[in-house]
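File shown here: input-v7.txt, holding compact mmCIF, C-alpha atoms.
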# COMPACT_ATOMS: atom_id res chain seq x y z
CA GLU A 1 -11.21 20.73 -2.96
CA LEU A 2 -11.60 18.03 -5.57
CA GLY A 3 -9.10 17.91 -8.39
CA ILE A 4 -9.19 15.81 -11.51
CA TYR A 5 -5.80 14.76 -12.76
CA PHE A 6 -4.76 13.51 -16.14
CA ALA A 7 -1.72 11.31 -16.56
CA PRO A 8 0.62 12.46 -19.31
CA GLU A 9 2.31 9.68 -21.23
CA SER A 10 5.43 10.04 -19.08
CA ASP A 11 3.32 9.20 -16.00
CA THR A 12 1.85 6.01 -17.48
CA PRO A 13 3.98 3.53 -15.44
CA ARG A 14 3.19 5.31 -12.15
CA PHE A 15 -0.45 5.74 -13.23
CA LEU A 16 -0.77 2.00 -13.80
CA SER A 17 1.09 1.01 -10.62
CA LYS A 18 -1.31 3.13 -8.55
CA ALA A 19 -4.29 1.47 -10.27
CA VAL A 20 -2.93 -2.03 -9.67
CA HIS A 21 -2.25 -1.15 -6.03
CA ALA A 22 -5.81 0.11 -5.50
CA LEU A 23 -7.39 -2.79 -7.39
CA SER A 24 -5.43 -5.36 -5.40
CA TYR A 25 -7.58 -4.38 -2.40
CA ASP A 26 -10.91 -4.13 -4.25
CA PRO A 27 -11.14 -5.42 -7.85
CA GLY A 28 -14.70 -4.07 -8.03
CA GLU A 29 -13.27 -0.56 -8.18
CA LEU A 30 -12.06 -0.90 -11.80
CA ALA A 31 -14.66 1.41 -13.35
CA SER A 32 -14.24 4.05 -10.67
CA GLN A 33 -10.46 3.85 -10.95
CA VAL A 34 -10.45 4.25 -14.74
CA LEU A 35 -13.05 7.01 -14.85
CA ALA A 36 -11.53 8.96 -12.00
CA ARG A 37 -8.18 8.91 -13.78
CA LEU A 38 -9.71 9.90 -17.12
CA GLY A 39 -11.91 12.57 -15.62
CA HIS A 40 -15.67 12.98 -15.98
CA ASP A 41 -15.43 15.74 -18.59
CA SER A 42 -12.52 14.17 -20.39
CA LYS A 43 -12.12 14.47 -24.15
CA ASP A 44 -10.28 11.17 -24.08
CA PRO A 45 -11.86 8.72 -26.58
CA LEU A 46 -12.05 5.94 -23.98
CA ALA A 47 -13.85 8.18 -21.51
CA LEU A 48 -16.23 9.36 -24.22
CA SER A 49 -16.93 5.77 -25.33
CA LEU A 50 -17.89 4.91 -21.77
CA GLN A 51 -20.42 7.76 -21.73
CA THR A 52 -22.45 7.26 -24.93
CA PRO A 53 -26.19 7.86 -24.48
CA ASP A 54 -27.20 4.66 -26.33
CA GLN A 55 -25.57 2.32 -23.82
CA PRO A 56 -25.23 2.23 -20.06
CA TRP A 57 -22.22 4.08 -18.70
CA LEU A 58 -20.53 4.30 -15.38
CA GLU A 59 -19.82 7.31 -13.23
CA PRO A 60 -17.67 7.19 -10.10
CA ILE A 61 -19.59 7.95 -6.91
CA ARG A 62 -16.49 8.63 -4.85
CA VAL A 63 -12.92 9.63 -5.41
CA THR A 64 -10.56 6.80 -4.52
CA LEU A 65 -7.37 7.87 -6.20
CA ALA A 66 -4.26 9.81 -5.55
CA HIS A 67 -2.58 11.93 -8.17
CA PRO A 68 -0.07 9.86 -10.21
CA ARG A 69 2.74 11.98 -8.72
CA ASP A 70 1.49 11.55 -5.15
CA PRO A 71 4.44 10.81 -2.86
CA LEU A 72 2.67 7.79 -1.27
CA LEU A 73 4.41 4.70 -2.58
CA HIS A 74 2.69 1.82 -0.76
CA VAL A 75 0.16 1.00 1.92
CA LEU A 76 1.43 -2.01 3.83
CA LYS A 77 -1.39 -4.18 5.11
CA GLY A 78 -1.12 -7.40 7.05
CA HIS A 79 -1.22 -6.70 10.78
CA SER A 80 -4.47 -7.53 12.57
CA GLY A 81 -3.76 -5.09 15.41
CA TYR A 82 -2.53 -1.53 15.73
CA VAL A 83 0.96 -0.92 14.38
CA HIS A 84 2.98 0.35 17.32
CA SER A 85 6.49 0.64 15.88
CA VAL A 86 8.25 0.89 12.54
CA ALA A 87 11.91 0.86 11.52
CA ILE A 88 13.53 1.19 8.10
CA GLN A 89 17.00 0.50 6.78
CA GLY A 90 17.68 0.55 3.06
CA ALA A 91 14.99 -1.50 1.34
CA THR A 92 13.88 -3.27 4.54
CA ILE A 93 11.00 -2.14 6.74
CA ALA A 94 10.12 -3.84 10.04
CA SER A 95 6.82 -3.18 11.80
CA GLY A 96 5.70 -4.27 15.26
CA SER A 97 2.07 -4.59 16.24
CA TRP A 98 -0.49 -5.23 18.93
CA ASP A 99 -1.10 -8.55 17.14
CA ASN A 100 2.19 -9.74 18.77
CA THR A 101 4.02 -10.03 15.43
CA VAL A 102 6.87 -8.34 13.63
CA ARG A 103 6.47 -8.10 9.88
CA ILE A 104 9.30 -7.56 7.44
CA TRP A 105 8.50 -5.68 4.22
CA ASN A 106 10.34 -4.79 1.05
CA ALA A 107 10.24 -0.98 0.93
CA THR A 108 10.65 -0.91 -2.85
CA SER A 109 7.86 -3.32 -3.80
CA GLY A 110 5.70 -3.07 -0.67
CA GLU A 111 5.59 -6.86 -0.44
CA GLU A 112 5.55 -8.66 2.88
CA GLN A 113 8.69 -10.80 3.22
CA HIS A 114 8.23 -12.51 6.60
CA VAL A 115 5.90 -12.65 9.61
CA LEU A 116 7.91 -13.13 12.80
CA LYS A 117 5.93 -14.86 15.55
CA GLY A 118 7.15 -15.55 19.05
CA HIS A 119 6.12 -12.67 21.28
CA SER A 120 3.15 -13.25 23.60
CA GLY A 121 2.50 -9.53 24.03
CA THR A 122 2.31 -6.33 22.00
CA VAL A 123 5.47 -5.56 20.04
CA LEU A 124 6.43 -2.14 21.36
CA SER A 125 9.68 -1.50 19.48
CA VAL A 126 11.65 -2.71 16.48
CA ALA A 127 15.12 -1.84 15.24
CA ILE A 128 17.13 -2.92 12.20
CA GLN A 129 20.88 -3.19 11.80
CA GLY A 130 22.19 -5.03 8.79
CA ASP A 131 20.40 -8.39 8.57
CA THR A 132 19.37 -8.28 12.23
CA ILE A 133 16.01 -7.13 13.56
CA VAL A 134 15.51 -6.65 17.29
CA SER A 135 12.03 -6.42 18.81
CA GLY A 136 10.88 -5.53 22.31
CA SER A 137 7.52 -6.58 23.66
CA SER A 138 5.13 -6.10 26.56
CA ASP A 139 5.79 -9.80 27.30
CA LYS A 140 9.06 -8.53 28.85
CA THR A 141 11.29 -10.11 26.20
CA VAL A 142 13.64 -8.86 23.53
CA ARG A 143 13.92 -11.08 20.49
CA ILE A 144 16.65 -11.06 17.86
CA TRP A 145 15.67 -12.10 14.34
CA ASN A 146 17.40 -12.66 11.02
CA ALA A 147 15.78 -10.29 8.50
CA THR A 148 16.77 -12.43 5.53
CA SER A 149 15.53 -15.82 6.75
CA GLY A 150 12.79 -14.57 9.08
CA GLU A 151 14.08 -16.76 11.92
Encoded form using structure tokens:
Amino acid sequence: ELGIYFAPESDTPRFLSKAVHALSYDPGELASQVLARLGHDSKDPLALSLQTPDQPWLEPIRVTLAHPRDPLLHVLKGHSGYVHSVAIQGATIASGSWDNTVRIWNATSGEEQHVLKGHSGTVLSVAIQGDTIVSGSSDKTVRIWNATSGE
């Protein structure tokens, strides 16, 4: 079922952060993002101005948005292989992948902090304790990393 959602003024910061997040992956989605948030049958003046008969107007051809109150906070992209393991402690997320790397992320902002390279096989497990990240790999090694410095 398709739902059209309108963002009340109190949702404006979350509304905008979702738009920025989506547009960071595909800036060409601006019109679809705006119109999907405003709604096709919106009485909003901006939506109506985009749909005047005397000028071209845009209509989204697919829904690409989540509701402004959607619980999804971030999509973390960076690995080139399957993500096999994830660990979180406080505001730190560590992910291990088939691309032989461990990536450290800020859980609050969603930003990648460090890419830890050294394994020659798939990273099968990661764990966090304090500033220490431990990773286990199919290369038969366990590596201990500093989460703050990335070393």
Would you work out the distance separating atom CA of A:Ala91 from atom CA of A:Ala127, expressed in Å to one decimal?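 Rounded to one decimal, the two atoms are 13.9 Å apart.
Of note, atom CA of A:Val142 and atom CA of A:His74 are spaced 28.7 Å apart.
Among the candidate residues A:Ser97, A:Thr108, A:Thr92, A:Ser138, the one lying nearest to A:Ser80 is A:Ser97, with distances computed using all atoms listed in the file.
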How far is it from atom CA of A:Ala107 to atom CA of A:Lys140, in Å with one decimal?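 Computing the Euclidean distance for atom CA of A:Ala107 and atom CA of A:Lys140 yields 28.9 Å.
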Extract, using all atoms listed in the file, all DNA, RNA and protein residues at most 8 Å from A:Lys117, discarding same-chain residues fewer than 4 positions from it, and format them as a VMD selection string. chain A and resid 100 to 102
Write out as number ranges by chain each polymer residue whose atoms come within 9 Å of A:Val123, counting only C-alpha atoms; drop sequence neighbours fewer than 4 positions from it. A: 83-85, 95-102, 119, 135-139
Any chance you could work out the axis-aligned box around stretch 85-99 of chain A, listed atoms only, 8 Å on each side, giving centre and edge lengths in Å to one decimal, as lines of an AutoDock Vina configuration file?
center_x = 8.3
center_y = -3.7
center_z = 10.1
size_x = 34.8
size_y = 25.7
size_z = 33.6
Within 12 Å of A:Gly90, counting only C-alpha atoms, which residues qualify if same-chain residues fewer than 4 places away don't, as a PyMOL selection string? chain A and resi 94+105-108+128-131
